[in-house]
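Below is input06.cif, which holds mmCIF, C-alpha atoms.
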data_data
#
loop_
_atom_site.label_atom_id
_atom_site.label_comp_id
_atom_site.auth_asym_id
_atom_site.auth_seq_id
_atom_site.Cartn_x
_atom_site.Cartn_y
_atom_site.Cartn_z
CA MET A 3 60.41 113.56 74.82
CA ALA A 4 60.58 113.29 78.61
CA LEU A 5 59.48 109.67 78.53
CA ARG A 6 62.05 108.73 75.90
CA PHE A 7 65.00 110.37 77.62
CA GLY A 8 63.89 109.56 81.19
CA VAL A 9 63.40 105.86 80.54
CA GLY A 10 66.61 105.72 78.52
CA ALA A 11 68.69 107.29 81.30
CA GLY A 12 67.09 105.06 83.95
CA VAL A 13 67.71 101.92 81.92
CA ILE A 14 71.35 102.86 81.31
CA CYS A 15 71.82 103.45 85.06
CA THR A 16 70.32 100.02 85.75
CA LEU A 17 72.48 98.35 83.11
CA TRP A 18 75.54 99.91 84.76
CA LEU A 19 74.63 98.22 88.05
CA VAL A 20 74.00 94.90 86.32
CA GLY A 21 77.38 95.23 84.61
CA LEU A 22 79.08 95.91 87.93
CA LEU A 23 77.36 92.89 89.47
CA LEU A 24 78.26 90.58 86.58
CA THR A 25 81.92 91.65 86.58
CA GLY A 26 82.31 90.96 90.29
CA ASN A 27 82.40 94.60 91.38
CA ASP A 28 80.32 96.00 94.23
CA PRO A 29 77.15 97.36 92.56
CA PHE A 30 76.16 99.29 95.69
CA GLY A 31 79.52 100.85 96.47
CA PRO A 32 81.13 104.04 95.21
CA LYS A 33 81.23 102.88 91.57
CA ARG A 34 77.42 103.02 91.46
CA LEU A 35 77.67 106.81 91.65
CA MET A 36 79.51 107.02 88.33
CA VAL A 37 76.13 107.29 86.55
CA ILE A 38 74.68 109.93 88.86
CA PHE A 39 75.19 112.59 86.19
CA LEU A 40 73.26 110.68 83.55
CA PRO A 41 69.77 111.92 84.54
CA PRO A 42 70.83 115.60 84.46
CA ILE A 43 72.35 115.03 81.03
CA ALA A 44 69.09 113.39 79.95
CA VAL A 45 67.18 116.43 81.25
CA LEU A 46 69.26 118.82 79.17
CA ALA A 47 69.11 116.54 76.13
CA ALA A 48 65.30 116.27 76.34
CA GLN A 49 64.99 120.05 76.61
CA TRP A 50 67.37 120.57 73.72
CA PHE A 51 65.58 118.07 71.45
CA LEU A 52 62.23 119.63 72.39
CA ARG A 53 63.61 123.01 71.39
CA LYS A 54 64.82 121.65 68.03
CA GLN A 55 61.48 119.93 67.43
CA LEU A 56 59.42 123.06 68.07
CA GLN A 57 61.34 125.47 65.84
CA PRO A 58 61.09 128.39 65.04
CA GLU A 59 59.05 129.60 68.04
CA GLY A 60 60.52 127.20 70.62
CA PRO A 61 58.77 125.35 73.44
CA GLY A 62 58.37 128.27 75.84
CA LEU A 63 59.43 128.45 79.45
CA LYS A 64 56.68 126.29 81.00
CA ARG A 65 56.99 123.46 78.51
CA ALA A 66 60.81 123.46 78.64
CA ILE A 67 60.94 123.39 82.44
CA GLY A 68 58.09 120.85 82.58
CA THR A 69 59.92 118.57 80.18
CA GLY A 70 63.05 118.81 82.32
CA ILE A 71 61.21 118.07 85.56
CA LEU A 72 59.29 115.17 84.05
CA THR A 73 62.49 113.72 82.56
CA ALA A 74 64.22 113.94 85.95
CA VAL A 75 61.32 112.24 87.74
CA ILE A 76 61.05 109.43 85.19
CA ALA A 77 64.81 108.83 85.07
CA ALA A 78 65.09 108.77 88.88
CA THR A 79 62.09 106.44 89.19
CA VAL A 80 63.29 103.94 86.58
CA SER A 81 66.79 103.99 88.04
CA ALA A 82 65.51 103.44 91.60
CA MET A 83 63.38 100.53 90.42
CA GLY A 84 66.48 99.13 88.74
CA VAL A 85 68.54 99.49 91.94
CA TYR A 86 65.83 97.69 93.89
CA GLY A 87 65.66 94.94 91.28
CA VAL A 88 69.43 94.48 91.22
CA ALA A 89 69.48 94.41 95.03
CA GLN A 90 66.83 91.69 95.04
CA LEU A 91 68.70 89.80 92.31
CA ALA A 92 72.05 90.08 94.10
CA GLY A 93 70.56 88.92 97.38
CA PRO A 94 71.16 89.83 101.01
CA GLU A 95 74.71 88.45 100.91
CA GLN A 96 75.81 91.12 98.40
CA ILE A 97 74.12 93.86 100.41
CA ALA A 98 75.86 92.65 103.58
CA LYS A 99 79.20 92.58 101.73
CA SER A 100 78.63 96.11 100.43
CA LYS A 101 77.62 97.27 103.90
CA ALA A 102 80.85 95.85 105.37
CA GLU A 103 82.95 97.60 102.73
CA MET A 104 81.19 100.93 103.30
CA LEU A 105 81.65 100.59 107.08
CA LYS A 106 85.35 99.94 106.54
CA ILE A 107 85.63 103.09 104.41
CA ALA A 108 83.74 105.15 107.00
CA GLU A 109 85.90 103.82 109.83
CA GLY A 110 89.00 104.71 107.82
CA SER A 111 87.86 108.33 107.61
CA ARG A 112 86.98 108.56 111.30
CA ALA A 113 89.90 110.89 112.02
CA ASP A 114 88.64 113.32 109.38
CA TYR A 115 85.20 113.36 110.97
CA LEU A 116 86.57 113.96 114.46
CA ARG A 117 88.62 116.99 113.35
CA GLN A 118 85.47 118.84 112.33
CA PRO A 119 83.14 120.60 114.75
CA GLY A 120 80.25 118.23 115.51
CA GLY A 121 82.14 115.52 113.68
CA LYS A 122 81.67 112.85 116.32
CA GLU A 123 77.88 113.06 116.05
CA GLN A 124 78.07 113.11 112.27
CA TYR A 125 80.34 110.06 112.29
CA GLU A 126 77.96 108.17 114.57
CA ARG A 127 74.99 109.05 112.33
CA THR A 128 76.94 107.86 109.29
CA ILE A 129 77.81 104.53 110.94
CA GLN A 130 74.23 104.09 112.13
CA GLY A 131 72.91 104.86 108.63
CA LEU A 132 75.31 102.39 107.04
CA GLN A 133 74.31 99.64 109.44
CA SER A 134 70.65 99.93 108.45
CA ILE A 135 71.13 99.58 104.68
CA THR A 136 68.43 97.58 102.89
CA ALA A 137 67.39 97.14 99.26
CA LYS A 138 64.59 99.65 99.78
CA GLY A 139 67.01 102.11 101.38
CA LEU A 140 69.44 101.80 98.47
CA ALA A 141 66.62 102.45 95.99
CA THR A 142 65.37 105.45 97.96
CA ASP A 143 68.88 106.90 98.18
CA ASP A 144 69.37 106.45 94.43
CA PHE A 145 66.00 108.06 93.68
CA MET A 146 66.66 111.10 95.88
CA LYS A 147 70.16 111.77 94.55
CA LYS A 148 69.26 111.43 90.88
CA LEU A 149 66.06 113.41 91.27
CA LEU A 150 67.89 116.22 93.05
CA PHE A 151 70.62 116.46 90.42
CA GLY A 152 68.07 116.27 87.62
CA LEU A 153 65.87 118.97 89.11
CA LEU A 154 68.87 121.23 89.71
CA LEU A 155 69.55 121.33 85.98
CA SER A 156 65.96 121.38 84.75
CA LEU A 157 65.37 125.00 85.74
CA PRO A 158 68.46 126.61 84.17
CA GLY A 159 68.19 124.27 81.18
CA GLY A 160 64.55 125.24 80.69
CA ILE A 161 65.35 128.93 80.90
CA PHE A 162 68.26 128.68 78.50
CA LEU A 163 66.52 126.36 76.00
CA ARG A 164 63.08 128.00 75.99
CA LYS A 165 63.47 129.61 72.54
#
Written form, structure tokens:
Amino acid sequence: MALRFGVGAGVICTLWLVGLLLTGNDPFGPKRLMVIFLPPIAVLAAQWFLRKQLQPEGPGLKRAIGTGILTAVIAATVSAMGVYGVAQLAGPEQIAKSKAEMLKIAEGSRADYLRQPGGKEQYERTIQGLQSITAKGLATDDFMKKLLFGLLLSLPGGIFLRK
């Protein structure tokens, strides 16, 4: 169950990036985050289908949470591999273009950063982080965000869907 839903969610996330690239949109910009909620949905769906499959006694707490965690890990891994593949396919020119757009957005919100306590340091860290973007960095960022969101829902989903 975890393999089916994890791979499915990861492939859909990758197809979204390919679609953005083919339509001339920035696949590494803010639109890439529109599929960040897909792995958590896959986690809950895998847990729900496991519960329906193991009726009437249900999967139990360990199996339900384990299925959720495994689904989140698989989905985040497949998606990160897809981001890396799309970044390699798009080439360094697309990454440089995306980097320039993200720097422009960050520079536009500089005043918001500076109003906050410690905002100047945070702004400088943000600019420094944006300047060092690579294909590997994009894949790592995608993996961490999707894994975190998936794991956040695997525990409550496992508890709720255990019987």
TODO: Measure the distance from CA of Glu103 in chain A to CA of Leu91 in chain A in Å and round it to one decimal.
DONE: 19.3 Å
Task: Atomic distance CA of Met36 in chain A - CA of Phe7 in chain A, expressed in Å with one decimal - done: 18.3 Å
TODO: Give as a list in words the residues that the PyMOL selection byres ((chain A and resi 64) around 12) matches when applied to the coordinates above.
DONE: Gln49, Gly60, Pro61, Gly62, Leu63, Arg65, Ala66, Ile67, Gly68, Thr69, Gly70, Ile71, Leu72, Ser156, Leu157, Gly159, Gly160, Ile161, Leu163, Arg164 and Lys165 of chain A
Grab the residues selected above and save them as a PDB file, in the coordinates of the input with C-alpha atoms.
ATOM      1  CA  GLN A  49      64.990 120.050  76.610  1.00  0.00           C
ATOM      2  CA  GLY A  60      60.520 127.200  70.620  1.00  0.00           C
ATOM      3  CA  PRO A  61      58.770 125.350  73.440  1.00  0.00           C
ATOM      4  CA  GLY A  62      58.370 128.270  75.840  1.00  0.00           C
ATOM      5  CA  LEU A  63      59.430 128.450  79.450  1.00  0.00           C
ATOM      6  CA  ARG A  65      56.990 123.460  78.510  1.00  0.00           C
ATOM      7  CA  ALA A  66      60.810 123.460  78.640  1.00  0.00           C
ATOM      8  CA  ILE A  67      60.940 123.390  82.440  1.00  0.00           C
ATOM      9  CA  GLY A  68      58.090 120.850  82.580  1.00  0.00           C
ATOM     10  CA  THR A  69      59.920 118.570  80.180  1.00  0.00           C
ATOM     11  CA  GLY A  70      63.050 118.810  82.320  1.00  0.00           C
ATOM     12  CA  ILE A  71      61.210 118.070  85.560  1.00  0.00           C
ATOM     13  CA  LEU A  72      59.290 115.170  84.050  1.00  0.00           C
ATOM     14  CA  SER A 156      65.960 121.380  84.750  1.00  0.00           C
ATOM     15  CA  LEU A 157      65.370 125.000  85.740  1.00  0.00           C
ATOM     16  CA  GLY A 159      68.190 124.270  81.180  1.00  0.00           C
ATOM     17  CA  GLY A 160      64.550 125.240  80.690  1.00  0.00           C
ATOM     18  CA  ILE A 161      65.350 128.930  80.900  1.00  0.00           C
ATOM     19  CA  LEU A 163      66.520 126.360  76.000  1.00  0.00           C
ATOM     20  CA  ARG A 164      63.080 128.000  75.990  1.00  0.00           C
ATOM     21  CA  LYS A 165      63.470 129.610  72.540  1.00  0.00           C
TER      22      LYS A 165
END
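Across the structure, CA of Thr128 in chain A and CA of Leu105 in chain A are spaced 8.9 Å apart.
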- [ ] Could you check which of A:Ala98, A:Ala77, A:Val88, A:Ile38 is closest to Leu17 in chain A, using all atoms listed in the file?
- [x]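 The answer is A:Val88, which sits nearest to Leu17 in chain A.
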Open item on the list: Just checking: using all atoms listed in the file, which residue out of A:Leu46, A:Leu140, A:Ile97, A:Ala82 ends up closest to Thr16 in chain A?
Closed with: A:Ala82
Open item on the list: I'd like to know which of A:Leu132, A:Val75, A:Leu116, A:Met3 is closest to Pro42 in chain A, using all atoms listed in the file.
Closed with: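 Using all atoms listed in the file, the shortest distance to Pro42 in chain A belongs to A:Val75.
Nearest residue to Thr73 in chain A among A:Ala92, A:Val85, A:Met104, A:Ala4 is A:Ala4, counting all atoms listed in the file.
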Open item on the list: So that I can see what lies close to Phe39 in chain A, please list as a ChimeraX atom specification the residues with an atom at most 10 Å from it, counting all atoms listed in the file and leaving out residues fewer than 3 positions away in the same chain.
Closed with: /A:11,15,35-36,42-44,147-148,151-152
Task: Result set, the PyMOL selection byres ((chain A and resi 135) around 12) on current file, as a list of chain:residue names - done: A:Phe30, A:Gly31, A:Ala89, A:Pro94, A:Gln96, A:Ile97, A:Ala98, A:Lys99, A:Ser100, A:Lys101, A:Ala102, A:Met104, A:Leu105, A:Thr128, A:Ile129, A:Gln130, A:Gly131, A:Leu132, A:Gln133, A:Ser134, A:Thr136, A:Ala137, A:Lys138, A:Gly139, A:Leu140, A:Ala141, A:Thr142, A:Asp143
Task: Counting only C-alpha atoms, the option among A:Leu149, A:Leu56, A:Leu40, A:Leu22 closest to Thr79 in chain A - done: A:Leu149
Open item on the list: I need the residue nearest Pro41 in chain A from this list: A:Val20, A:Lys122, A:Gly93, A:Ser81. Use only C-alpha atoms for the distance.
Closed with: A:Ser81
Some atoms are missing, so please complete range 89-109 of chain A with N, CA, C and O atoms and return it as a PDB file, in the frame of the given file.
ATOM      1  N   ALA A  89      69.260  94.792  93.633  1.00  0.00           N
ATOM      2  CA  ALA A  89      69.480  94.410  95.030  1.00  0.00           C
ATOM      3  C   ALA A  89      68.752  93.103  95.348  1.00  0.00           C
ATOM      4  O   ALA A  89      69.291  92.247  96.067  1.00  0.00           O
ATOM      5  N   GLN A  90      67.552  92.937  94.814  1.00  0.00           N
ATOM      6  CA  GLN A  90      66.830  91.690  95.040  1.00  0.00           C
ATOM      7  C   GLN A  90      67.502  90.532  94.297  1.00  0.00           C
ATOM      8  O   GLN A  90      67.568  89.424  94.807  1.00  0.00           O
ATOM      9  N   LEU A  91      68.003  90.820  93.104  1.00  0.00           N
ATOM     10  CA  LEU A  91      68.700  89.800  92.310  1.00  0.00           C
ATOM     11  C   LEU A  91      70.009  89.383  92.968  1.00  0.00           C
ATOM     12  O   LEU A  91      70.343  88.203  93.012  1.00  0.00           O
ATOM     13  N   ALA A  92      70.749  90.363  93.481  1.00  0.00           N
ATOM     14  CA  ALA A  92      72.050  90.080  94.100  1.00  0.00           C
ATOM     15  C   ALA A  92      71.887  89.330  95.419  1.00  0.00           C
ATOM     16  O   ALA A  92      72.751  88.534  95.788  1.00  0.00           O
ATOM     17  N   GLY A  93      70.828  89.613  96.126  1.00  0.00           N
ATOM     18  CA  GLY A  93      70.560  88.920  97.380  1.00  0.00           C
ATOM     19  C   GLY A  93      71.131  89.632  98.589  1.00  0.00           C
ATOM     20  O   GLY A  93      71.931  90.557  98.479  1.00  0.00           O
ATOM     21  N   PRO A  94      70.721  89.179  99.765  1.00  0.00           N
ATOM     22  CA  PRO A  94      71.160  89.830 101.010  1.00  0.00           C
ATOM     23  C   PRO A  94      72.658  89.664 101.277  1.00  0.00           C
ATOM     24  O   PRO A  94      73.252  90.489 101.970  1.00  0.00           O
ATOM     25  N   GLU A  95      73.267  88.638 100.696  1.00  0.00           N
ATOM     26  CA  GLU A  95      74.710  88.450 100.910  1.00  0.00           C
ATOM     27  C   GLU A  95      75.502  89.596 100.291  1.00  0.00           C
ATOM     28  O   GLU A  95      76.453  90.113 100.886  1.00  0.00           O
ATOM     29  N   GLN A  96      75.111  90.016  99.079  1.00  0.00           N
ATOM     30  CA  GLN A  96      75.810  91.120  98.400  1.00  0.00           C
ATOM     31  C   GLN A  96      75.591  92.432  99.142  1.00  0.00           C
ATOM     32  O   GLN A  96      76.500  93.242  99.259  1.00  0.00           O
ATOM     33  N   ILE A  97      74.391  92.633  99.654  1.00  0.00           N
ATOM     34  CA  ILE A  97      74.120  93.860 100.410  1.00  0.00           C
ATOM     35  C   ILE A  97      74.950  93.873 101.689  1.00  0.00           C
ATOM     36  O   ILE A  97      75.514  94.903 102.060  1.00  0.00           O
ATOM     37  N   ALA A  98      75.051  92.737 102.363  1.00  0.00           N
ATOM     38  CA  ALA A  98      75.860  92.650 103.580  1.00  0.00           C
ATOM     39  C   ALA A  98      77.343  92.895 103.264  1.00  0.00           C
ATOM     40  O   ALA A  98      78.038  93.574 104.022  1.00  0.00           O
ATOM     41  N   LYS A  99      77.806  92.370 102.145  1.00  0.00           N
ATOM     42  CA  LYS A  99      79.200  92.580 101.730  1.00  0.00           C
ATOM     43  C   LYS A  99      79.438  94.063 101.430  1.00  0.00           C
ATOM     44  O   LYS A  99      80.457  94.633 101.846  1.00  0.00           O
ATOM     45  N   SER A 100      78.513  94.681 100.736  1.00  0.00           N
ATOM     46  CA  SER A 100      78.630  96.110 100.430  1.00  0.00           C
ATOM     47  C   SER A 100      78.603  96.950 101.699  1.00  0.00           C
ATOM     48  O   SER A 100      79.353  97.913 101.838  1.00  0.00           O
ATOM     49  N   LYS A 101      77.730  96.561 102.623  1.00  0.00           N
ATOM     50  CA  LYS A 101      77.620  97.270 103.900  1.00  0.00           C
ATOM     51  C   LYS A 101      78.944  97.198 104.655  1.00  0.00           C
ATOM     52  O   LYS A 101      79.421  98.199 105.206  1.00  0.00           O
ATOM     53  N   ALA A 102      79.568  96.021 104.672  1.00  0.00           N
ATOM     54  CA  ALA A 102      80.850  95.850 105.370  1.00  0.00           C
ATOM     55  C   ALA A 102      81.938  96.714 104.740  1.00  0.00           C
ATOM     56  O   ALA A 102      82.737  97.332 105.454  1.00  0.00           O
ATOM     57  N   GLU A 103      81.956  96.777 103.411  1.00  0.00           N
ATOM     58  CA  GLU A 103      82.950  97.600 102.730  1.00  0.00           C
ATOM     59  C   GLU A 103      82.736  99.087 103.016  1.00  0.00           C
ATOM     60  O   GLU A 103      83.692  99.834 103.239  1.00  0.00           O
ATOM     61  N   MET A 104      81.470  99.523 103.020  1.00  0.00           N
ATOM     62  CA  MET A 104      81.190 100.930 103.300  1.00  0.00           C
ATOM     63  C   MET A 104      81.517 101.285 104.749  1.00  0.00           C
ATOM     64  O   MET A 104      82.001 102.383 105.028  1.00  0.00           O
ATOM     65  N   LEU A 105      81.277 100.358 105.675  1.00  0.00           N
ATOM     66  CA  LEU A 105      81.650 100.590 107.080  1.00  0.00           C
ATOM     67  C   LEU A 105      83.164 100.703 107.233  1.00  0.00           C
ATOM     68  O   LEU A 105      83.655 101.530 107.993  1.00  0.00           O
ATOM     69  N   LYS A 106      83.886  99.882 106.481  1.00  0.00           N
ATOM     70  CA  LYS A 106      85.350  99.940 106.540  1.00  0.00           C
ATOM     71  C   LYS A 106      85.848 101.297 106.020  1.00  0.00           C
ATOM     72  O   LYS A 106      86.743 101.893 106.600  1.00  0.00           O
ATOM     73  N   ILE A 107      85.245 101.780 104.954  1.00  0.00           N
ATOM     74  CA  ILE A 107      85.630 103.090 104.410  1.00  0.00           C
ATOM     75  C   ILE A 107      85.310 104.194 105.413  1.00  0.00           C
ATOM     76  O   ILE A 107      86.121 105.106 105.639  1.00  0.00           O
ATOM     77  N   ALA A 108      84.129 104.128 106.024  1.00  0.00           N
ATOM     78  CA  ALA A 108      83.740 105.150 107.000  1.00  0.00           C
ATOM     79  C   ALA A 108      84.650 105.121 108.219  1.00  0.00           C
ATOM     80  O   ALA A 108      85.027 106.175 108.745  1.00  0.00           O
ATOM     81  N   GLU A 109      85.011 103.925 108.678  1.00  0.00           N
ATOM     82  CA  GLU A 109      85.900 103.820 109.830  1.00  0.00           C
ATOM     83  C   GLU A 109      87.299 104.339 109.489  1.00  0.00           C
ATOM     84  O   GLU A 109      87.982 104.887 110.347  1.00  0.00           O
TER      85      GLU A 109
END
